[in-house]
file run_31.txt (compact mmCIF, C-alpha atoms)
# COMPACT_ATOMS: atom_id res chain seq x y z
CA MET R 198 114.67 83.27 91.71
CA PRO R 199 111.12 84.58 92.01
CA GLY R 200 108.77 83.15 89.43
CA ARG R 201 107.33 85.13 86.57
CA LYS R 202 104.15 87.02 87.30
CA LYS R 203 101.08 88.23 85.48
CA LEU R 204 98.46 90.87 86.27
CA VAL R 205 95.00 89.42 86.81
CA LEU R 206 91.90 91.64 86.58
CA GLU R 207 88.55 90.93 88.21
CA PRO R 208 86.22 93.49 86.60
CA GLU R 209 83.26 92.08 88.53
CA TRP R 210 84.82 93.29 91.80
CA CYS R 211 85.75 96.70 90.37
CA LYS R 212 83.71 99.72 91.56
CA GLY R 213 85.33 102.10 89.08
CA CYS R 214 87.02 104.44 91.59
CA GLY R 215 90.00 104.99 89.27
CA ILE R 216 92.71 104.75 91.95
CA CYS R 217 94.69 102.11 90.02
CA VAL R 218 94.46 104.15 86.82
CA ALA R 219 95.71 107.33 88.54
CA PHE R 220 98.64 105.79 90.37
CA CYS R 221 99.90 103.32 87.75
CA PRO R 222 103.46 104.53 87.04
CA LYS R 223 103.25 103.24 83.47
CA ASN R 224 99.78 104.56 82.69
CA ALA R 225 98.84 101.02 81.66
CA LEU R 226 95.28 100.91 82.98
CA GLU R 227 92.02 102.57 81.98
CA LEU R 228 88.35 102.51 82.89
CA ALA R 229 85.80 101.35 80.36
CA GLY R 230 82.18 101.44 81.45
CA GLU R 231 83.35 102.05 85.05
CA LYS R 232 85.41 98.85 85.06
CA VAL R 233 89.16 98.54 84.98
CA ARG R 234 90.98 97.12 81.98
CA LEU R 235 94.53 96.97 80.64
CA LYS R 236 95.23 99.32 77.76
CA GLU R 237 96.24 97.81 74.47
CA ASP R 238 100.01 98.07 73.96
CA ASN R 239 100.47 98.72 77.67
CA GLU R 240 103.88 98.80 79.31
CA CYS R 241 102.89 97.18 82.61
CA VAL R 242 106.02 96.34 84.61
CA LEU R 243 104.18 94.23 87.20
CA CYS R 244 105.10 96.59 90.06
CA GLY R 245 101.94 95.73 92.01
CA GLN R 246 101.06 99.28 93.08
CA CYS R 247 97.55 98.81 91.66
CA GLU R 248 97.05 95.70 93.77
CA GLU R 249 98.24 97.48 96.93
CA ARG R 250 95.90 100.45 96.47
CA CYS R 251 92.81 98.76 95.02
CA PRO R 252 90.19 99.07 97.80
CA ASP R 253 88.17 96.28 96.19
CA TYR R 254 90.83 93.66 95.43
CA ALA R 255 89.84 93.74 91.76
CA LEU R 256 93.35 93.30 90.39
CA TYR R 257 96.45 91.48 91.56
CA LEU R 258 99.70 89.89 90.56
CA GLU R 259 99.75 86.15 90.27
CA GLU R 260 102.82 83.94 90.10
CA LEU R 261 102.97 81.98 86.87
CA GLU R 262 103.77 78.33 87.17
CA GLU R 263 107.07 77.52 85.52
CA MET O 1294 88.90 84.25 91.86
CA PRO O 1295 90.50 86.85 94.10
CA SER O 1296 94.22 86.83 94.92
CA GLU O 1297 95.72 84.16 97.13
CA LEU O 1298 96.08 86.68 99.99
CA ILE O 1299 92.41 87.68 99.88
CA HIS O 1300 91.29 84.10 99.45
CA LYS O 1301 93.35 82.99 102.40
CA TYR O 1302 92.66 85.76 104.92
CA MET O 1303 89.23 87.13 104.05
CA ARG O 1304 85.73 85.69 104.03
CA ILE O 1305 85.30 85.92 100.30
CA ASP O 1306 81.63 84.97 100.42
CA HIS O 1307 81.16 88.40 102.11
CA LEU O 1308 83.07 90.22 99.34
CA PRO O 1309 82.99 92.58 97.48
CA HIS O 1310 82.56 94.64 100.64
CA ILE O 1311 79.88 97.29 101.19
CA TRP O 1312 82.31 100.24 101.30
CA CYS O 1313 81.77 102.96 98.70
CA PRO O 1314 83.83 103.21 95.50
CA GLY O 1315 87.25 104.64 96.41
CA CYS O 1316 86.85 104.19 100.18
CA GLY O 1317 90.26 103.95 101.81
CA ASN O 1318 89.09 101.29 104.27
CA GLY O 1319 89.56 98.47 101.76
CA ILE O 1320 93.18 99.51 101.25
CA ILE O 1321 93.87 99.60 104.99
CA MET O 1322 92.14 96.25 105.58
CA ARG O 1323 94.44 94.74 102.96
CA ASP O 1324 97.45 96.26 104.75
CA VAL O 1325 96.30 94.50 107.94
CA ALA O 1326 95.98 91.19 106.06
CA VAL O 1327 99.46 91.57 104.52
CA ALA O 1328 100.97 92.47 107.91
CA LEU O 1329 99.41 89.40 109.52
CA GLU O 1330 100.40 87.11 106.64
CA GLU O 1331 104.02 88.25 106.85
CA LEU O 1332 104.11 87.75 110.62
CA ILE O 1333 102.39 84.36 110.45
CA ASP O 1334 104.85 83.22 107.76
CA ASP O 1335 107.88 84.48 109.71
CA PRO O 1336 109.40 81.64 111.76
CA GLU O 1337 111.34 84.20 113.83
CA VAL O 1338 108.20 85.57 115.50
CA ASN O 1339 105.44 83.85 117.39
CA VAL O 1340 102.27 84.98 115.61
CA SER O 1341 99.69 82.43 114.50
CA ARG O 1342 96.31 82.69 112.93
CA GLU O 1343 94.77 80.54 115.66
CA LYS O 1344 95.97 82.88 118.40
CA THR O 1345 94.95 86.09 116.66
CA VAL O 1346 91.64 87.78 117.49
CA ILE O 1347 90.19 90.71 115.57
CA VAL O 1348 87.77 92.95 117.45
CA SER O 1349 85.75 95.83 116.05
CA GLY O 1350 83.07 98.25 117.19
CA ILE O 1351 80.51 100.03 115.02
CA GLY O 1352 80.96 102.17 111.94
CA CYS O 1353 82.22 101.77 108.40
CA SER O 1354 85.66 100.66 109.62
CA SER O 1355 84.23 98.08 111.95
CA ARG O 1356 82.79 96.01 109.12
CA ALA O 1357 86.37 94.81 108.69
CA ALA O 1358 86.10 92.27 111.50
CA GLY O 1359 83.37 90.56 109.50
CA TYR O 1360 85.41 90.45 106.32
CA MET O 1361 88.65 89.19 107.84
CA ASP O 1362 88.80 85.42 108.27
CA PHE O 1363 90.22 85.20 111.78
CA ASN O 1364 88.72 84.66 115.20
CA SER O 1365 86.67 87.82 115.23
CA ILE O 1366 84.05 89.70 117.19
CA HIS O 1367 81.97 92.65 116.03
CA THR O 1368 80.92 94.47 119.19
CA THR O 1369 78.84 97.49 120.22
CA HIS O 1370 79.55 101.13 119.44
CA GLY O 1371 82.72 102.43 121.04
CA ARG O 1372 83.28 99.25 123.04
CA ALA O 1373 85.76 97.41 120.84
CA ILE O 1374 88.67 98.26 123.14
CA ALA O 1375 86.61 97.26 126.19
CA PHE O 1376 85.82 93.83 124.70
CA ALA O 1377 89.42 93.48 123.54
CA THR O 1378 90.65 94.29 127.06
CA GLY O 1379 88.50 91.46 128.42
CA ILE O 1380 89.78 89.00 125.82
CA LYS O 1381 93.41 89.94 126.43
CA PHE O 1382 92.99 89.86 130.19
CA ALA O 1383 91.42 86.37 130.11
CA HIS O 1384 93.93 85.05 127.56
CA PRO O 1385 97.14 87.10 127.57
CA GLU O 1386 98.72 84.68 125.06
CA LEU O 1387 96.33 85.92 122.33
CA GLU O 1388 97.26 88.60 119.81
CA VAL O 1389 94.29 90.97 120.09
CA ILE O 1390 93.84 93.46 117.28
CA VAL O 1391 91.19 96.19 117.33
CA LEU O 1392 89.97 97.62 114.02
CA THR O 1393 88.07 100.82 114.72
CA GLY O 1394 87.25 104.24 113.36
CA ASP O 1395 87.79 107.82 114.48
CA GLY O 1396 84.28 108.13 115.89
CA ASP O 1397 84.12 104.66 117.41
CA CYS O 1398 87.47 104.98 119.12
CA SER O 1399 87.83 108.65 120.04
CA ALA O 1400 84.23 109.79 120.65
CA ILE O 1401 81.93 107.01 121.82
CA GLY O 1402 84.85 104.86 122.94
CA GLY O 1403 87.19 107.65 123.96
CA ASN O 1404 87.23 106.67 127.62
CA HIS O 1405 88.08 103.05 126.82
CA LEU O 1406 90.89 104.27 124.54
CA ILE O 1407 92.59 106.45 127.14
CA HIS O 1408 92.32 103.89 129.92
CA ALA O 1409 93.62 101.01 127.78
CA ALA O 1410 96.51 103.29 126.83
CA ARG O 1411 97.08 104.27 130.46
CA ARG O 1412 97.19 100.63 131.54
CA ASN O 1413 99.45 99.78 128.61
CA ILE O 1414 97.56 96.55 127.96
CA GLY O 1415 98.99 94.61 125.02
CA LEU O 1416 96.39 95.39 122.36
CA THR O 1417 97.06 96.63 118.84
CA VAL O 1418 94.54 99.29 117.85
CA ILE O 1419 94.35 100.29 114.19
CA THR O 1420 92.13 103.29 113.47
CA PHE O 1421 90.64 103.70 110.01
CA ASN O 1422 90.54 107.47 110.45
CA ASN O 1423 88.40 109.12 107.76
CA ASP O 1424 87.49 112.35 109.64
CA ILE O 1425 83.75 111.69 109.47
CA TYR O 1426 80.90 109.37 110.51
CA GLY O 1427 80.31 107.73 107.14
CA MET O 1428 77.83 104.97 107.93
CA THR O 1429 75.28 107.29 109.52
CA GLY O 1430 75.44 109.92 106.80
CA GLY O 1431 78.45 112.20 107.20
CA GLN O 1432 78.24 113.82 110.65
CA TYR O 1433 81.43 115.51 111.90
CA SER O 1434 83.62 113.43 114.19
CA PRO O 1435 86.30 114.34 116.75
CA THR O 1436 88.91 114.27 113.97
CA THR O 1437 87.09 116.49 111.46
CA PRO O 1438 89.47 119.43 110.93
CA THR O 1439 88.29 122.86 112.17
CA GLY O 1440 86.40 124.69 109.45
CA ASP O 1441 85.51 121.60 107.42
CA ARG O 1442 81.94 120.79 106.59
CA ALA O 1443 79.76 117.83 107.51
CA THR O 1444 76.03 117.18 107.37
CA THR O 1445 75.87 118.37 111.01
CA ALA O 1446 78.26 121.28 110.36
CA PRO O 1447 76.80 122.92 107.24
CA TYR O 1448 78.60 126.22 107.98
CA GLY O 1449 81.86 124.54 108.96
CA ASN O 1450 82.96 122.69 112.08
CA TYR O 1451 84.22 125.00 114.83
CA ASP O 1452 85.51 122.22 117.11
CA ARG O 1453 89.24 121.62 117.33
CA PRO O 1454 90.14 118.08 116.27
CA PHE O 1455 91.84 115.27 118.19
CA ASP O 1456 95.10 113.86 116.98
CA ILE O 1457 94.29 110.27 117.98
CA ALA O 1458 97.90 109.08 118.04
CA GLN O 1459 98.97 111.99 120.27
CA LEU O 1460 95.92 111.46 122.47
CA ALA O 1461 96.89 107.80 122.99
CA ALA O 1462 100.53 108.71 123.57
CA GLY O 1463 99.53 111.34 126.13
CA ALA O 1464 97.39 108.78 127.93
CA GLY O 1465 100.36 106.42 128.20
CA ALA O 1466 100.34 104.21 125.09
CA SER O 1467 103.84 102.83 124.64
CA PHE O 1468 103.73 102.58 120.83
CA THR O 1469 101.99 105.09 118.59
CA ALA O 1470 102.35 105.59 114.86
CA ARG O 1471 100.67 107.20 111.89
CA GLY O 1472 99.98 105.58 108.54
CA SER O 1473 97.91 106.43 105.50
CA ALA O 1474 95.83 104.70 102.86
CA TYR O 1475 98.26 105.97 100.21
CA HIS O 1476 101.45 104.74 101.95
CA THR O 1477 100.60 101.04 101.88
CA ARG O 1478 104.04 99.52 102.44
CA GLU O 1479 105.01 101.89 105.25
CA THR O 1480 101.63 101.42 106.93
CA THR O 1481 101.88 97.62 106.68
CA GLU O 1482 105.31 97.79 108.33
CA LEU O 1483 103.96 100.00 111.15
CA ILE O 1484 101.09 97.56 111.73
CA LYS O 1485 103.61 94.71 111.98
CA GLN O 1486 105.68 96.64 114.50
CA GLY O 1487 102.56 97.49 116.48
CA ILE O 1488 101.52 93.83 116.63
CA LEU O 1489 105.00 92.74 117.75
CA HIS O 1490 105.17 95.48 120.40
CA LYS O 1491 104.33 94.06 123.84
CA GLY O 1492 102.41 97.00 125.31
CA PHE O 1493 99.48 99.06 124.02
CA SER O 1494 100.04 100.09 120.43
CA LEU O 1495 97.96 102.39 118.29
CA ILE O 1496 98.43 102.96 114.58
CA ASP O 1497 96.31 105.88 113.43
CA VAL O 1498 95.83 105.33 109.70
CA PHE O 1499 94.40 108.19 107.65
CA SER O 1500 91.72 106.75 105.39
CA VAL O 1501 89.77 108.61 102.72
CA CYS O 1502 85.98 109.06 102.57
CA PRO O 1503 85.22 110.49 99.14
CA THR O 1504 81.47 110.00 99.52
CA TYR O 1505 80.87 112.23 102.56
CA TYR O 1506 84.00 114.03 103.69
CA GLY O 1507 85.46 114.56 100.22
CA ARG O 1508 82.25 115.67 98.58
CA LYS O 1509 81.18 118.00 101.42
CA ASN O 1510 84.57 119.69 101.41
CA HIS O 1511 85.25 119.85 97.69
CA LYS O 1512 88.34 117.71 98.13
CA GLY O 1513 87.69 115.81 94.92
CA GLY O 1514 87.25 112.06 94.69
CA ALA O 1515 89.31 109.18 96.04
CA VAL O 1516 92.16 109.85 93.61
CA GLU O 1517 92.55 113.51 94.64
CA MET O 1518 92.30 112.62 98.33
CA LEU O 1519 95.03 110.00 97.99
CA GLN O 1520 97.14 112.48 96.01
CA TRP O 1521 96.78 114.86 98.96
CA GLN O 1522 98.17 112.14 101.25
CA ARG O 1523 101.02 111.49 98.81
CA ASP O 1524 101.92 115.21 98.71
CA ASN O 1525 101.44 116.09 102.37
CA MET O 1526 102.35 112.97 104.33
CA VAL O 1527 105.99 111.91 104.36
CA PRO O 1528 107.51 108.54 105.37
CA ALA O 1529 110.03 108.72 108.22
CA SER O 1530 113.08 108.05 106.02
CA ARG O 1531 112.43 111.26 104.06
CA TYR O 1532 110.75 113.22 106.86
CA TYR O 1533 113.79 113.30 109.12
CA ALA O 1534 116.02 114.32 106.23
CA MET O 1535 113.97 117.51 105.79
CA SER O 1536 114.63 120.82 107.54
CA GLU O 1537 112.58 121.57 110.64
CA GLU O 1538 110.77 124.30 108.78
CA LYS O 1539 109.72 121.92 106.00
CA ARG O 1540 108.66 119.29 108.50
CA ARG O 1541 106.14 121.68 110.03
CA GLU O 1542 104.26 121.68 106.72
CA LYS O 1543 104.14 117.88 106.47
CA ILE O 1544 102.63 114.98 108.38
CA LEU O 1545 104.93 112.15 109.42
CA VAL O 1546 104.12 108.60 108.32
CA GLY O 1547 106.00 106.59 110.91
CA ILE O 1548 106.47 105.94 114.59
CA LEU O 1549 105.55 108.80 116.95
CA THR O 1550 106.35 107.21 120.31
CA HIS O 1551 108.02 103.93 121.22
CA ASN O 1552 108.66 103.20 124.92
CA GLU O 1553 109.01 100.07 126.97
CA TYR O 1554 106.54 100.42 129.84
CA PRO O 1555 105.34 97.45 131.96
CA GLU O 1556 102.53 95.59 130.18
CA TYR O 1557 99.27 95.25 132.10
CA THR O 1558 98.58 91.49 131.89
CA GLN O 1559 102.21 90.71 132.76
CA GLU O 1560 102.02 93.01 135.78
CA TYR O 1561 98.82 91.27 136.86
CA ALA O 1562 100.50 87.85 136.55
CA LYS O 1563 103.33 89.12 138.75
CA LEU O 1564 100.86 90.41 141.34
CA LEU O 1565 99.03 87.05 141.37
CA GLU O 1566 102.30 85.20 141.84
CA LYS O 1567 103.25 87.48 144.71
CA VAL O 1568 99.92 87.19 146.51
CA GLN O 1569 99.58 83.44 146.00
CA THR O 1570 103.09 82.54 147.08
CA GLY O 1571 103.32 85.23 149.73
CA LYS O 1572 106.71 86.32 148.32

call {"tool": "encode", "arguments": {"input": "run_31.txt", "output": "structure tokens"}}
result
Amino acid sequence: MPGRKKLVLEPEWCKGCGICVAFCPKNALELAGEKVRLKEDNECVLCGQCEERCPDYALYLEELEE
Amino acid sequence: MPSELIHKYMRIDHLPHIWCPGCGNGIIMRDVAVALEELIDDPEVNVSREKTVIVSGIGCSSRAAGYMDFNSIHTTHGRAIAFATGIKFAHPELEVIVLTGDGDCSAIGGNHLIHAARRNIGLTVITFNNDIYGMTGGQYSPTTPTGDRATTAPYGNYDRPFDIAQLAAGAGASFTARGSAYHTRETTELIKQGILHKGFSLIDVFSVCPTYYGRKNHKGGAVEMLQWQRDNMVPASRYYAMSEEKRREKILVGILTHNEYPEYTQEYAKLLEKVQTGK
């Protein structure tokens, strides 16, 4: 069984291009002051599309230790 | 802390990279890292970090050799394939990967490209094709579509563009494919296949340059340019299910040519054997 995951954000690496926001299938991300953040009450399903398309590696899925 | 992948395969003291906000090159460089990680971790194939060399030329794309934590060499303009040919010829056991751009590989280095393809030497060339010279300020390149604008084509470019993958195939490359910044998983898979292929392989990956190409041509920002790729480029599984008429309107993301031609360094080894043993 794959472990549980969480979405990690690195706003310092974010250049505010908005790609992750536009292609998130759950509309869970937003830009605030040109930096990415998770919306409150988001419905992130940990699909990882934001990680795959972030040109700056500013967000990614991390396995949680059991 | 960046992700484990980035930490493991990139020189994080050189990151964040210098590419503009929304530049497709960062996405493609990650695809290359994922492809290599999956091959290195696969016990069924013989790819190791120690025997992988990344070679680049000059241009936005070519910064990638500096960011990726492998044996790497950042060479002169247009000469990445020439240096890579030398490395592969001296050490055929190495996996030599060239990261280049449309200008570096098809203009300044165009002759090296066609002759490496003709010889079918076992290199894997990945073009970060953004239709423009970004680093020097947005001049048109050999892949800028006819009619599009650049700083050196203020009234529109009247050249006809190269299709780099078709150019390589025509020159004799045994594996050619097209990927895109939007289609990350498909592109990663094509890069893996290109690396595993024994002859010359070229994966022409459409990048996006919102800063110069996008802005000059009113194509919107990075998001709109990636949406264009999503809507106009179609992965092979869906592409071949479409009618021929529909296909003409779309661009295939997938393999264009795949042939088994004799590989150059192997042919040279055979020649050496023959001459030295007199058989």

call {"tool": "closest_atom_pairs", "arguments": {"input": "run_31.txt", "of": "chain R", "to": "chain O", "cutoff": "8 Å", "atoms": "only C-alpha atoms", "output": "tab-separated table"}}
result
residue	atom	partner	partner_atom	distance
R:Glu207	CA	O:Pro1295	CA	7.4
R:Trp210	CA	O:Pro1309	CA	6.0
R:Lys212	CA	O:Pro1314	CA	5.3
R:Gly213	CA	O:Pro1314	CA	6.7
R:Cys214	CA	O:Gly1315	CA	4.8
R:Gly215	CA	O:Val1516	CA	6.9
R:Ile216	CA	O:Val1516	CA	5.4
R:Ala219	CA	O:Val1516	CA	6.7
R:Glu249	CA	O:Thr1477	CA	6.5
R:Arg250	CA	O:Ile1320	CA	5.6
R:Cys251	CA	O:Ile1320	CA	6.3
R:Pro252	CA	O:Gly1319	CA	4.1
R:Asp253	CA	O:Gly1319	CA	6.1
R:Tyr254	CA	O:Pro1295	CA	6.9
R:Ala255	CA	O:Pro1295	CA	7.3
R:Leu256	CA	O:Ser1296	CA	7.9
R:Tyr257	CA	O:Ser1296	CA	6.2
R:Leu258	CA	O:Ser1296	CA	7.6
R:Glu259	CA	O:Ser1296	CA	7.3

call {"tool": "closest_atom_pairs", "arguments": {"input": "run_31.txt", "of": "region 1475-1565 of chain O", "to": "region 1349-1367 of chain O", "cutoff": "12 Å", "atoms": "all atoms listed in the file", "output": "Markdown table"}}
result
| residue | atom | partner | partner_atom | distance |
| --- | --- | --- | --- | --- |
| O:Val1498 | CA | O:Ser1354 | CA | 11.2 |
| O:Phe1499 | CA | O:Ser1354 | CA | 11.7 |
| O:Ser1500 | CA | O:Ser1354 | CA | 9.6 |
| O:Val1501 | CA | O:Ser1354 | CA | 11.3 |
| O:Cys1502 | CA | O:Cys1353 | CA | 10.1 |

call {"tool": "atom_distance", "arguments": {"input": "run_31.txt", "atom1": "CA of Leu1495 (chain O)", "atom2": "CA of Ser1467 (chain O)"}}
result
8.7 Å

call {"tool": "closest_residue", "arguments": {"input": "run_31.txt", "among": "O:Arg1531, O:Lys1509, O:Lys1539, O:Arg1523", "to": "Gly1430 (chain O)", "atoms": "all atoms listed in the file"}}
result
O:Lys1509

call {"tool": "residues_around", "arguments": {"input": "run_31.txt", "residues": "Cys241 (chain R)", "least_positions_apart": "6", "cutoff": "10 Å", "atoms": "all atoms listed in the file", "output": "PyMOL selection string"}}
result
chain R and resi 203-204+221-226+235

call {"tool": "write_last_selection", "arguments": {"input": "run_31.txt", "atoms": "C-alpha atoms", "output": "CSV table (one decimal), keeping the file's coordinate frame"}}
result
chain,number,residue,atom,x,y,z
R,203,LYS,CA,101.1,88.2,85.5
R,204,LEU,CA,98.5,90.9,86.3
R,221,CYS,CA,99.9,103.3,87.8
R,222,PRO,CA,103.5,104.5,87.0
R,223,LYS,CA,103.2,103.2,83.5
R,224,ASN,CA,99.8,104.6,82.7
R,225,ALA,CA,98.8,101.0,81.7
R,226,LEU,CA,95.3,100.9,83.0
R,235,LEU,CA,94.5,97.0,80.6

call {"tool": "closest_residue", "arguments": {"input": "run_31.txt", "among": "O:Asn1413, O:Thr1429, O:Leu1387, O:Ala1461", "to": "Ser1399 (chain O)", "atoms": "only C-alpha atoms"}}
result
O:Ala1461

call {"tool": "atom_distance", "arguments": {"input": "run_31.txt", "atom1": "CA of Ala229 (chain R)", "atom2": "CA of Lys1512 (chain O)"}}
result
24.3 Å

call {"tool": "closest_residue", "arguments": {"input": "run_31.txt", "among": "R:Leu261, R:Cys211, R:Cys217, R:Val233", "to": "Gly245 (chain R)", "atoms": "all atoms listed in the file"}}
result
R:Cys217

call {"tool": "atom_distance", "arguments": {"input": "run_31.txt", "atom1": "CA of Ile1496 (chain O)", "atom2": "CA of Phe1468 (chain O)"}}
result
8.2 Å

call {"tool": "residues_around", "arguments": {"input": "run_31.txt", "residues": "Glu1553 (chain O)", "least_positions_apart": "2", "cutoff": "9 Å", "atoms": "all atoms listed in the file", "output": "MDAnalysis selection string"}}
result
chainID O and resid 1467:1468 1490:1492 1551 1555:1556

call {"tool": "closest_residue", "arguments": {"input": "run_31.txt", "among": "O:Phe1455, O:Tyr1302, O:Tyr1554, O:Phe1376", "to": "Asp1497 (chain O)", "atoms": "only C-alpha atoms"}}
result
O:Phe1455
